[in-house]
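**Student:** Input work_11.csv, format and content: CSV, C-alpha atoms.
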```
chain,number,residue,atom,x,y,z
A,1,MET,CA,-9.5,1.3,-8.1
A,2,SER,CA,-7.9,0.8,-11.5
A,3,ALA,CA,-8.1,-2.4,-13.4
A,4,SER,CA,-5.2,-4.9,-13.5
A,5,PHE,CA,-4.1,-6.0,-16.9
A,6,THR,CA,-3.5,-9.7,-16.9
A,7,HIS,CA,-3.5,-10.4,-20.6
A,8,LEU,CA,-0.9,-9.1,-23.1
A,9,ASP,CA,-2.0,-6.8,-25.9
A,10,PRO,CA,0.3,-7.4,-28.8
A,11,ALA,CA,-0.1,-3.9,-30.0
A,12,MET,CA,1.1,-2.6,-26.6
A,13,THR,CA,4.2,-4.8,-26.5
A,14,SER,CA,5.5,-4.6,-30.1
A,15,THR,CA,8.8,-2.8,-30.3
A,16,GLU,CA,8.6,-2.1,-34.0
A,17,ASN,CA,8.7,1.6,-34.9
A,18,GLN,CA,8.1,2.7,-31.3
A,19,ILE,CA,9.2,6.1,-30.1
A,20,HIS,CA,11.0,6.6,-26.8
A,21,GLN,CA,9.8,9.7,-24.9
A,22,GLN,CA,11.4,11.3,-21.9
A,23,TRP,CA,10.6,14.3,-19.7
A,24,ILE,CA,13.9,16.0,-18.9
A,25,TYR,CA,14.1,18.1,-15.8
A,26,SER,CA,15.8,21.2,-17.3
A,27,ARG,CA,15.2,24.2,-15.2
A,28,HIS,CA,15.0,24.8,-11.4
A,29,PRO,CA,11.6,26.1,-10.2
A,30,THR,CA,11.5,28.8,-7.5
A,31,GLY,CA,7.8,28.7,-7.1
A,32,VAL,CA,5.1,26.7,-8.9
A,33,VAL,CA,6.4,23.8,-11.1
A,34,SER,CA,5.1,23.6,-14.6
A,35,ASP,CA,6.0,22.5,-18.2
A,36,GLU,CA,8.5,25.3,-18.5
A,37,HIS,CA,10.8,23.4,-16.1
A,38,TYR,CA,10.9,20.3,-18.3
A,39,GLU,CA,11.7,19.4,-21.9
A,40,LEU,CA,10.0,16.6,-23.7
A,41,ARG,CA,12.4,14.6,-25.9
A,42,SER,CA,11.6,11.9,-28.4
A,43,GLN,CA,13.8,9.4,-30.2
A,44,PRO,CA,13.5,6.0,-31.9
A,45,LEU,CA,13.3,3.2,-29.3
A,46,ASP,CA,16.6,1.2,-29.0
A,47,THR,CA,15.7,-2.4,-28.3
A,48,SER,CA,19.2,-3.8,-27.8
A,49,LEU,CA,19.9,-5.6,-24.6
A,50,ASP,CA,22.9,-6.9,-22.7
A,51,ARG,CA,22.9,-10.0,-20.5
A,52,ASP,CA,20.3,-9.9,-17.6
A,53,GLU,CA,18.7,-6.7,-19.0
A,54,VAL,CA,15.0,-6.2,-19.9
A,55,LEU,CA,13.2,-3.6,-21.9
A,56,ILE,CA,10.1,-2.3,-20.2
A,57,ALA,CA,7.2,-0.1,-21.3
A,58,ALA,CA,5.8,2.2,-18.7
A,59,ARG,CA,2.1,1.8,-18.0
A,60,TYR,CA,1.7,3.8,-14.8
A,61,ILE,CA,4.0,6.6,-13.7
A,62,SER,CA,4.0,8.0,-10.2
A,63,VAL,CA,3.7,11.6,-9.3
A,64,ASP,CA,4.8,12.4,-5.7
A,65,PRO,CA,5.4,15.5,-3.5
A,66,TYR,CA,9.0,14.4,-2.9
A,67,MET,CA,9.8,15.3,-6.5
A,68,ARG,CA,9.4,18.9,-5.6
A,69,ILE,CA,11.5,18.5,-2.5
A,70,ASN,CA,14.3,17.2,-4.6
A,71,GLN,CA,14.2,20.3,-6.8
A,72,SER,CA,15.2,22.5,-3.9
A,73,SER,CA,18.5,24.3,-4.5
A,74,LYS,CA,19.5,23.6,-0.9
A,75,PRO,CA,20.3,20.2,0.7
A,76,THR,CA,17.2,18.3,1.8
A,77,TYR,CA,17.3,14.6,2.7
A,78,ASN,CA,19.5,14.3,-0.4
A,79,PRO,CA,22.8,16.2,-0.2
A,80,GLU,CA,22.4,17.4,-3.8
A,81,PRO,CA,19.3,18.5,-5.7
A,82,HIS,CA,17.9,16.5,-8.6
A,83,PRO,CA,20.4,17.0,-11.4
A,84,LEU,CA,19.4,19.2,-14.3
A,85,ASN,CA,19.2,17.8,-17.8
A,86,THR,CA,18.3,14.3,-16.7
A,87,VAL,CA,15.1,12.2,-16.7
A,88,GLN,CA,12.8,13.2,-13.8
A,89,ALA,CA,13.1,10.4,-11.2
A,90,ALA,CA,9.9,8.5,-10.4
A,91,GLY,CA,8.5,5.1,-9.6
A,92,VAL,CA,7.0,3.2,-12.5
A,93,VAL,CA,4.8,0.2,-13.1
A,94,GLY,CA,5.7,-1.3,-16.5
A,95,GLN,CA,5.4,-4.4,-18.6
A,96,VAL,CA,8.3,-6.4,-20.0
A,97,LEU,CA,8.6,-6.0,-23.8
A,98,THR,CA,11.8,-8.1,-24.3
A,99,SER,CA,14.0,-9.9,-21.8
A,100,ASN,CA,17.5,-11.3,-21.5
A,101,ALA,CA,16.9,-12.3,-17.9
A,102,ALA,CA,15.8,-15.8,-16.9
A,103,SER,CA,13.5,-14.5,-14.1
A,104,LEU,CA,11.4,-12.2,-16.3
A,105,LYS,CA,9.6,-12.9,-19.5
A,106,GLU,CA,7.6,-10.9,-22.0
A,107,GLY,CA,4.4,-9.6,-20.5
A,108,ASP,CA,5.5,-9.7,-16.9
A,109,TRP,CA,4.5,-6.7,-14.7
A,110,VAL,CA,7.3,-5.0,-12.8
A,111,PHE,CA,8.1,-2.0,-10.6
A,112,GLY,CA,11.2,0.1,-11.0
A,113,MET,CA,12.5,3.6,-10.4
A,114,THR,CA,12.9,4.2,-14.1
A,115,GLY,CA,11.5,7.8,-14.1
A,116,TRP,CA,9.4,9.9,-16.4
A,117,GLN,CA,10.1,8.0,-19.6
A,118,SER,CA,8.0,5.8,-21.8
A,119,HIS,CA,10.5,2.9,-21.9
A,120,ALA,CA,13.5,1.8,-20.0
A,121,ARG,CA,16.4,-0.6,-20.5
A,122,VAL,CA,17.0,-2.0,-17.0
A,123,HIS,CA,19.1,-4.6,-15.3
A,124,VAL,CA,16.8,-7.2,-13.8
A,125,SER,CA,18.2,-6.5,-10.3
A,126,ALA,CA,16.7,-3.1,-10.4
A,127,LEU,CA,13.1,-4.4,-10.9
A,128,THR,CA,10.5,-6.0,-8.6
A,129,LYS,CA,8.1,-8.4,-10.2
A,130,ILE,CA,4.4,-7.7,-9.5
A,131,ASP,CA,1.7,-10.3,-9.0
A,132,PRO,CA,-1.4,-8.9,-10.7
A,133,THR,CA,-3.7,-11.5,-9.0
A,134,ILE,CA,-3.2,-9.8,-5.6
A,135,ALA,CA,-4.4,-6.4,-6.5
A,136,PRO,CA,-4.4,-3.9,-9.4
A,137,VAL,CA,-0.9,-3.5,-10.6
A,138,SER,CA,-1.1,0.3,-10.0
A,139,THR,CA,-1.1,-0.4,-6.3
A,140,ALA,CA,2.6,-1.0,-6.4
A,141,LEU,CA,2.8,2.8,-6.6
A,142,GLY,CA,0.3,3.3,-3.9
A,143,VAL,CA,-1.1,1.2,-1.0
A,144,LEU,CA,1.3,-1.7,-1.7
A,145,GLY,CA,4.2,0.7,-2.6
A,146,MET,CA,6.0,3.7,-1.2
A,147,PRO,CA,2.9,5.5,0.2
A,148,GLY,CA,1.8,2.3,2.0
A,149,ARG,CA,5.2,1.8,3.5
A,150,THR,CA,5.4,5.4,4.6
A,151,ALA,CA,1.9,5.3,6.2
A,152,TRP,CA,2.3,1.9,8.0
A,153,PHE,CA,5.8,2.4,9.5
A,154,GLY,CA,5.4,6.1,10.1
A,155,LEU,CA,2.3,5.5,12.1
A,156,THR,CA,3.1,2.3,13.9
A,157,GLU,CA,6.8,2.9,14.7
A,158,ALA,CA,7.0,6.6,15.1
A,159,GLY,CA,3.4,7.3,16.2
A,160,LYS,CA,2.8,4.2,18.3
A,161,PRO,CA,-0.9,4.7,18.5
A,162,HIS,CA,-2.9,3.1,21.3
A,163,ALA,CA,-6.5,2.2,21.5
A,164,GLY,CA,-8.6,5.2,22.5
A,165,GLU,CA,-6.0,7.8,21.7
A,166,VAL,CA,-6.7,10.7,19.4
A,167,VAL,CA,-4.8,10.6,16.1
A,168,VAL,CA,-4.9,13.7,13.8
A,169,VAL,CA,-3.9,13.4,10.2
A,170,SER,CA,-3.3,16.4,7.9
A,171,GLY,CA,-3.5,15.9,4.2
A,172,ALA,CA,-5.8,13.0,5.2
A,173,ALA,CA,-7.3,12.6,1.7
A,174,GLY,CA,-3.9,12.0,0.1
A,175,ALA,CA,-2.0,8.9,-0.8
A,176,VAL,CA,-0.3,8.5,2.6
A,177,GLY,CA,-2.8,10.3,4.8
A,178,SER,CA,-5.8,8.3,3.7
A,179,LEU,CA,-4.0,5.1,4.6
A,180,VAL,CA,-2.9,6.5,8.0
A,181,VAL,CA,-6.5,7.2,8.8
A,182,GLN,CA,-7.4,3.6,8.2
A,183,PHE,CA,-4.4,2.1,9.9
A,184,ALA,CA,-5.0,4.3,13.0
A,185,LYS,CA,-8.6,3.0,13.2
A,186,ARG,CA,-7.3,-0.5,13.0
A,187,HIS,CA,-5.3,0.3,16.1
A,188,GLY,CA,-8.5,1.4,17.9
A,189,ALA,CA,-7.7,5.1,17.8
A,190,LYS,CA,-10.1,7.9,17.4
A,191,VAL,CA,-9.2,9.7,14.2
A,192,LEU,CA,-9.6,13.3,13.0
A,193,GLY,CA,-8.8,13.8,9.3
A,194,ILE,CA,-8.0,17.3,7.9
A,195,ALA,CA,-8.4,17.9,4.2
A,196,GLY,CA,-9.4,20.6,1.8
A,197,GLY,CA,-13.1,20.7,0.7
A,198,ALA,CA,-16.4,19.3,2.0
A,199,GLU,CA,-16.3,16.5,-0.5
A,200,LYS,CA,-13.0,15.1,0.8
A,201,CYS,CA,-14.2,15.5,4.4
A,202,ALA,CA,-17.3,13.5,3.7
A,203,TRP,CA,-15.2,10.8,2.0
A,204,LEU,CA,-13.0,10.6,5.1
A,205,LYS,CA,-15.9,10.0,7.4
A,206,ASP,CA,-18.2,7.9,5.1
A,207,LYS,CA,-15.7,5.8,3.3
A,208,LEU,CA,-12.5,5.7,5.5
A,209,GLY,CA,-14.2,5.7,8.9
A,210,ALA,CA,-12.7,8.8,10.4
A,211,ASP,CA,-14.5,9.9,13.6
A,212,TRP,CA,-14.2,13.6,12.6
A,213,ALA,CA,-13.2,15.5,9.5
A,214,LEU,CA,-12.4,19.2,9.1
A,215,ASP,CA,-12.1,21.3,6.0
A,216,TYR,CA,-9.1,23.6,6.8
A,217,LYS,CA,-10.2,26.0,4.0
A,218,THR,CA,-13.1,27.1,6.2
A,219,PHE,CA,-10.8,28.5,8.9
A,220,SER,CA,-9.2,31.8,8.5
A,221,ASN,CA,-6.3,31.3,11.0
A,222,ASP,CA,-4.6,28.7,13.1
A,223,GLU,CA,-6.3,29.8,16.4
A,224,THR,CA,-9.8,29.1,15.2
A,225,LEU,CA,-8.8,25.8,13.7
A,226,SER,CA,-7.1,24.9,17.0
A,227,GLN,CA,-10.2,25.7,19.0
A,228,GLU,CA,-12.3,23.5,16.8
A,229,ILE,CA,-9.9,20.6,17.0
A,230,LEU,CA,-9.7,20.9,20.8
A,231,LYS,CA,-13.5,21.1,21.0
A,232,LEU,CA,-13.9,17.9,19.0
A,233,THR,CA,-11.1,15.8,20.4
A,234,GLY,CA,-10.1,17.1,23.8
A,235,GLY,CA,-6.5,17.2,22.7
A,236,VAL,CA,-4.1,15.3,20.4
A,237,ASP,CA,-2.0,12.2,21.2
A,238,VAL,CA,-0.6,11.6,17.8
A,239,TYR,CA,-0.2,14.0,14.9
A,240,PHE,CA,0.7,12.7,11.5
A,241,ASP,CA,1.8,15.8,9.6
A,242,ASN,CA,1.8,15.8,5.8
A,243,VAL,CA,1.2,19.5,5.3
A,244,GLY,CA,2.9,21.8,7.8
A,245,GLY,CA,2.0,25.5,7.9
A,246,MET,CA,-1.1,26.8,9.5
A,247,ILE,CA,-2.4,23.3,10.4
A,248,THR,CA,0.6,22.3,12.3
A,249,ASP,CA,0.6,25.7,14.1
A,250,ALA,CA,-3.0,24.9,15.2
A,251,ILE,CA,-2.2,21.5,16.5
A,252,ILE,CA,1.0,21.8,18.5
A,253,PRO,CA,-0.5,24.0,21.2
A,254,ILE,CA,-3.2,21.3,21.9
A,255,ILE,CA,-1.0,18.2,22.1
A,256,LYS,CA,-1.4,16.0,25.2
A,257,ARG,CA,1.3,14.7,27.6
A,258,ARG,CA,3.8,12.4,25.8
A,259,ALA,CA,2.3,13.2,22.4
A,260,ARG,CA,4.0,12.0,19.3
A,261,ILE,CA,4.4,14.2,16.2
A,262,ILE,CA,5.4,12.5,13.0
A,263,ILE,CA,6.7,14.8,10.2
A,264,CYS,CA,6.0,13.0,7.0
A,265,GLY,CA,5.6,16.0,4.7
A,266,GLN,CA,5.4,19.8,4.5
A,267,ILE,CA,3.6,20.2,1.3
A,268,SER,CA,2.3,23.7,2.1
A,269,GLN,CA,6.0,24.8,1.9
A,270,TYR,CA,7.1,23.1,-1.3
A,271,ASN,CA,6.2,25.8,-3.8
A,272,GLY,CA,8.5,28.6,-2.9
A,273,GLY,CA,9.1,27.7,0.7
A,274,LEU,CA,12.0,25.3,0.2
A,275,ASP,CA,14.7,27.7,-0.7
A,276,VAL,CA,13.4,30.5,1.5
A,277,SER,CA,11.5,28.9,4.4
A,278,GLU,CA,9.0,30.5,6.7
A,279,MET,CA,10.1,31.7,10.1
A,280,GLY,CA,10.2,29.0,12.7
A,281,PRO,CA,10.0,26.8,14.6
A,282,ARG,CA,7.8,29.0,16.9
A,283,LEU,CA,6.1,26.4,19.0
A,284,LEU,CA,8.8,24.3,20.6
A,285,GLN,CA,7.8,25.4,24.1
A,286,HIS,CA,4.8,23.2,23.8
A,287,MET,CA,7.0,20.2,23.1
A,288,LEU,CA,8.8,21.0,26.3
A,289,TYR,CA,5.6,21.5,28.4
A,290,GLN,CA,4.1,18.1,27.3
A,291,ARG,CA,7.4,16.2,27.1
A,292,ALA,CA,6.4,15.3,23.6
A,293,THR,CA,8.5,13.9,20.8
A,294,ILE,CA,8.7,15.0,17.2
A,295,GLN,CA,10.2,12.7,14.5
A,296,GLY,CA,10.7,13.0,10.8
A,297,ILE,CA,10.2,9.9,8.7
A,298,LEU,CA,11.1,8.9,5.2
A,299,ALA,CA,9.9,6.0,3.1
A,300,ARG,CA,13.5,5.0,2.4
A,301,ASP,CA,14.1,4.4,6.2
A,302,TYR,CA,11.9,1.3,5.9
A,303,LEU,CA,12.7,0.1,2.4
A,304,HIS,CA,14.5,-3.0,3.8
A,305,ARG,CA,11.2,-3.9,5.6
A,306,MET,CA,9.0,-3.8,2.5
A,307,ASP,CA,8.1,-7.5,2.7
A,308,GLU,CA,7.1,-7.1,6.4
A,309,MET,CA,4.6,-4.4,5.4
A,310,LEU,CA,3.3,-6.3,2.4
A,311,ALA,CA,2.7,-9.4,4.6
A,312,ILE,CA,0.4,-7.3,6.8
A,313,VAL,CA,-1.3,-5.0,4.3
A,314,SER,CA,-1.7,-7.2,1.2
A,315,PRO,CA,-4.3,-9.5,2.7
A,316,TRP,CA,-6.4,-6.4,3.7
A,317,VAL,CA,-6.2,-5.1,0.1
A,318,LYS,CA,-7.0,-8.5,-1.4
A,319,ALA,CA,-10.0,-8.9,0.9
A,320,GLY,CA,-11.3,-5.4,0.1
A,321,GLU,CA,-10.8,-4.2,3.7
A,322,LEU,CA,-8.8,-1.1,2.8
A,323,VAL,CA,-10.0,1.8,0.7
A,324,PHE,CA,-7.4,3.0,-1.7
A,325,GLU,CA,-8.4,5.8,-4.0
A,326,GLU,CA,-6.5,6.5,-7.2
A,327,THR,CA,-6.7,9.6,-9.4
A,328,ILE,CA,-5.4,8.5,-12.8
A,329,ILE,CA,-4.6,11.1,-15.5
A,330,ASP,CA,-4.3,9.8,-19.0
A,331,GLY,CA,-1.3,10.7,-21.2
A,332,PHE,CA,2.5,10.8,-20.9
A,333,GLU,CA,2.4,14.5,-21.9
A,334,GLN,CA,0.4,15.4,-18.8
A,335,LEU,CA,3.2,14.5,-16.3
A,336,PRO,CA,4.4,18.1,-15.5
A,337,SER,CA,0.9,19.4,-15.0
A,338,ALA,CA,0.0,16.4,-12.9
A,339,LEU,CA,2.9,17.2,-10.6
A,340,ASN,CA,1.7,20.7,-10.2
A,341,SER,CA,-1.8,19.5,-9.4
A,342,LEU,CA,-0.5,17.9,-6.2
A,343,PHE,CA,-0.3,21.4,-4.7
A,344,THR,CA,-3.7,22.6,-5.8
A,345,GLY,CA,-5.8,19.8,-4.1
A,346,GLU,CA,-7.3,18.6,-7.3
A,347,HIS,CA,-6.9,14.9,-6.6
A,348,ARG,CA,-7.8,12.3,-3.9
A,349,GLY,CA,-5.7,9.4,-2.9
A,350,LYS,CA,-2.7,8.3,-5.1
A,351,LEU,CA,-2.0,10.4,-8.2
A,352,LEU,CA,-0.8,8.5,-11.2
A,353,VAL,CA,-0.3,9.1,-14.9
A,354,LYS,CA,-1.3,6.3,-17.2
A,355,VAL,CA,0.8,5.9,-20.3
```
If you convert what's in this file into structure tokens, what do you get?
**Tutor:**
Amino acid sequence: MSASFTHLDPAMTSTENQIHQQWIYSRHPTGVVSDEHYELRSQPLDTSLDRDEVLIAARYISVDPYMRINQSSKPTYNPEPHPLNTVQAAGVVGQVLTSNAASLKEGDWVFGMTGWQSHARVHVSALTKIDPTIAPVSTALGVLGMPGRTAWFGLTEAGKPHAGEVVVVSGAAGAVGSLVVQFAKRHGAKVLGIAGGAEKCAWLKDKLGADWALDYKTFSNDETLSQEILKLTGGVDVYFDNVGGMITDAIIPIIKRRARIIICGQISQYNGGLDVSEMGPRLLQHMLYQRATIQGILARDYLHRMDEMLAIVSPWVKAGELVFEETIIDGFEQLPSALNSLFTGEHRGKLLVKV
């Protein structure tokens, strides 16, 4: 867990002679995303404010797989791709430097979709105030933010797990997957987590309470992975898919009657597979045989129910009953490389860049 800053450092909040930095998305990637697809711009910080505006300084900036989805040249869940020559969109936890809004004062912590920039001039209506006494402020980008909302509603509303059922989670060591594992256990389910590497698998079992954990990297094909999952679980009632690809090919043939499949992400396809996708779907006959359902879910579907999720999950976080891992990279200049690291498995839990 990261620390929550509750006291204001004057050096961090002074607006004198500060430089405003922005990462501009400037080139469409067809494969791996890197610095060459961005341009770093710097200019003197403009501190002027209109009525009900605040100036915030970014402290934690989110790095998420959906950013790569939005760079697809074809329609995704957005009709148009992320526009070129604009600031990379992202969630941010920041601190108020100056305020022209009655509800926010200097030093307050806020969340906003202000993107990959060191500062932002924002109307107060676009910000959510954060209470740093509940949990570290960074959790507004993780367990108490979009990943938490995705995990909670994706599992409970689309997955509908029952006690004793088998829930399989791919990408189980990630920001969403690691929460799904724990939420499923709270529903009384038996949970198999799939991740890359022995260390992550040990963490899933020892820290998160998964009943089983498999390192997909030790399997050469979907058939051998499928056999091992079947051997351990006897079949799958709920599959929470963050990865797609070989793992999904392994699981669909061993789903049980009335199984529920939740498509949250397809991260195995994002680098190069968005514009030219793999052949498929190849396994729909199994959906027919088992009268199963398959549902795609997005965090935005449940944005209006954020308070409902926080009322349930925040007490667990405050009581230390949920494990939420954060991989924090220092340095605003690291943002493009941090985005790329999402696809190499170099992190655990929620990935953040600290400014």
**Student:** Could you tell me which of A:Ile294, A:Pro79, A:Pro253, A:His347 comes closest to Glu199 (chain A) if we count all atoms listed in the file?
**Tutor:**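 Once distances to Glu199 (chain A) are computed over all atoms listed in the file, the minimum belongs to A:His347.
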**Student:** Could you please determine the separation between CA of Val236 (chain A) and CA of Ile261 (chain A) in Å, to one decimal place?
**Tutor:**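 Computing the Euclidean distance for CA of Val236 (chain A) and CA of Ile261 (chain A) yields 9.5 Å.
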**Student:** Tell me which of A:Pro83, A:Asp64, A:Val180, A:Arg59 sits closest to Ser26 (chain A), counting only C-alpha atoms.
**Tutor:**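 Going through A:Pro83, A:Asp64, A:Val180, A:Arg59 one by one, the smallest distance to Ser26 (chain A) is for A:Pro83.
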**Student:** Using only C-alpha atoms, which residue out of A:Val124, A:Met306, A:Leu141, A:Ala173 lies closest to Lys205 (chain A)?
**Tutor:**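 Comparing A:Val124, A:Met306, A:Leu141, A:Ala173 against Lys205 (chain A), the winner is A:Ala173.
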**Student:** Neighbours of region 239-246 of chain A within 7 Å (all atoms listed in the file; same-chain residues fewer than 2 positions away dropped), as a ChimeraX atom specification?
**Tutor:** /A:167-171,222,236-237,248-250,260-268
**Student:** Find, counting all atoms listed in the file, the residue in A:Thr139, A:Asn17, A:Ser118, A:Ser72 that gets nearest to Gly94 (chain A).
**Tutor:**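 Going through A:Thr139, A:Asn17, A:Ser118, A:Ser72 one by one, the smallest distance to Gly94 (chain A) is for A:Ser118.
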**Student:** Would you mind telling me which residue in A:Leu310, A:Gln295, A:Val122, A:Glu333 lies nearest to Arg51 (chain A) when using all atoms listed in the file?
**Tutor:**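 Closest to Arg51 (chain A) of all the choices is A:Val122.
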**Student:** Taking (-6.1, 14.9, 4.4) as a centre in this file's frame and 9 Å as the limit, can you find every polymer residue with an atom that close, using all atoms listed in the file, and give them as a ChimeraX atom specification?
**Tutor:** /A:169-178,181,193-196,200-201,204,213-215,242-243,348
**Student:** Work out how far CA of Val93 (chain A) is from CA of Leu351 (chain A), in Å to one decimal.
**Tutor:**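 These atoms are spaced 13.2 Å apart.
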